[in-house]
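Q: Handing you a structure now.
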Amino acid sequence: MKNQITVIFILLLSGVILTGLTFNEPETKDSLDLPTIMRLIYMDIQTINEGIYTENFALIEQGAAAINEHPPLSDETTALVKKTLGDRMPAFGQYDKLVHDTADSLKHAAADHDMERVLEKYQIIQQGCVSCHLSFRNEITRARITAE
């Protein structure tokens, strides 16, 4: 019996170690494509949602910081977006800046445990994301599919 417990313990420990080594996210700022960044931001939004609904300011702060600090667009994606949007690229950049700046403000509001400001900043982020998607998403998606 003692040997079985030891074997089970070693297997569990090995599994934990291997899982940690295999699934850790890289800590680098490698560039990513736009859909991957959007999925990461979506997960960050979900973190903020959970933080708001559970009044967990640390989660809100974590999600907001992750939005503000996401990896940059890859050179290929940047070129595709610039080519697709042309002279409308500054508007795309304004939405990006709005979301990043507001995510930083949201992080500070969460650090201050100011739920009213958190909700105000969160609404601005949501509106910025939705407005950008309405303005550019379909066009960029079509261009991406065509380029593949």
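The way I read the labels, and the way they are meant: chains A, B, ... in the order of the structure tokens, residue 1 as the first residue of every chain, and ligand 1 as the first ligand shown, with later ones counted on from there.
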I want to know what sits within 12 Å of A:Asn68, based on only C-alpha atoms, with residues of the same chain fewer than 5 positions away left out; could you give that as an MDAnalysis selection string?

A: chainID A and resid 37 40:41 44:45 61:63 96:108 125

Q: Show me, as a PyMOL selection string, the residues that have an atom within 12 Å of A:Leu32 when counting only C-alpha atoms, minus same-chain residues fewer than 5 positions from it.

A: chain A and resi 37-40+70-78

Q: Within chain A, find each residue whose DSSP state, derived from the backbone, is helix (DSSP H, G or I), and express the selection as JSON, numbers by chain.

A: {"A": [2, 3, 4, 5, 6, 7, 8, 9, 10, 11, 12, 13, 14, 15, 16, 17, 18, 19, 20, 21, 22, 23, 34, 35, 36, 37, 38, 39, 40, 41, 42, 43, 44, 45, 46, 47, 48, 49, 50, 51, 52, 53, 54, 57, 58, 59, 60, 61, 62, 63, 64, 65, 66, 67, 68, 75, 76, 77, 78, 79, 80, 81, 82, 83, 84, 85, 86, 87, 88, 89, 90, 91, 92, 93, 94, 95, 96, 97, 98, 99, 100, 101, 102, 103, 104, 105, 106, 107, 108, 109, 110, 111, 115, 116, 117, 118, 119, 120, 121, 122, 123, 124, 125, 126, 127, 128, 129, 130, 131, 132, 133, 134, 135, 136, 137, 138, 139, 140, 141, 142, 143, 144, 145, 146, 147]}

Q: Please identify all polymer residues within 12 Å of A:Ala147, counting only C-alpha atoms, omitting same-chain residues fewer than 2 positions from it, and present them as a ChimeraX atom specification.

A: /A:76-77,79-81,83-84,140-145

Q: Using only C-alpha atoms, which of the listed residues (A:Met89, A:Met115, A:Leu59, A:Met43) sits closest to A:Cys132?

A: A:Met89

Q: Do you have the atom CA of A:Ile67-atom CA of A:Ala111 distance handy?

A: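 We find that atom CA of A:Ile67 and atom CA of A:Ala111 lie 15.6 Å from each other.
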
Q: What is the distance between atom CA of A:Ala110 and atom CA of A:Ile60, in Å to one decimal?

A: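 Separation of atom CA of A:Ala110 and atom CA of A:Ile60: 6.1 Å.
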
Q: One decimal, Å: what's the distance from atom CA of A:Ala91 over to atom CA of A:Gln126, could you say?

A: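 Result for atom CA of A:Ala91 versus atom CA of A:Gln126: 16.7 Å, one decimal.
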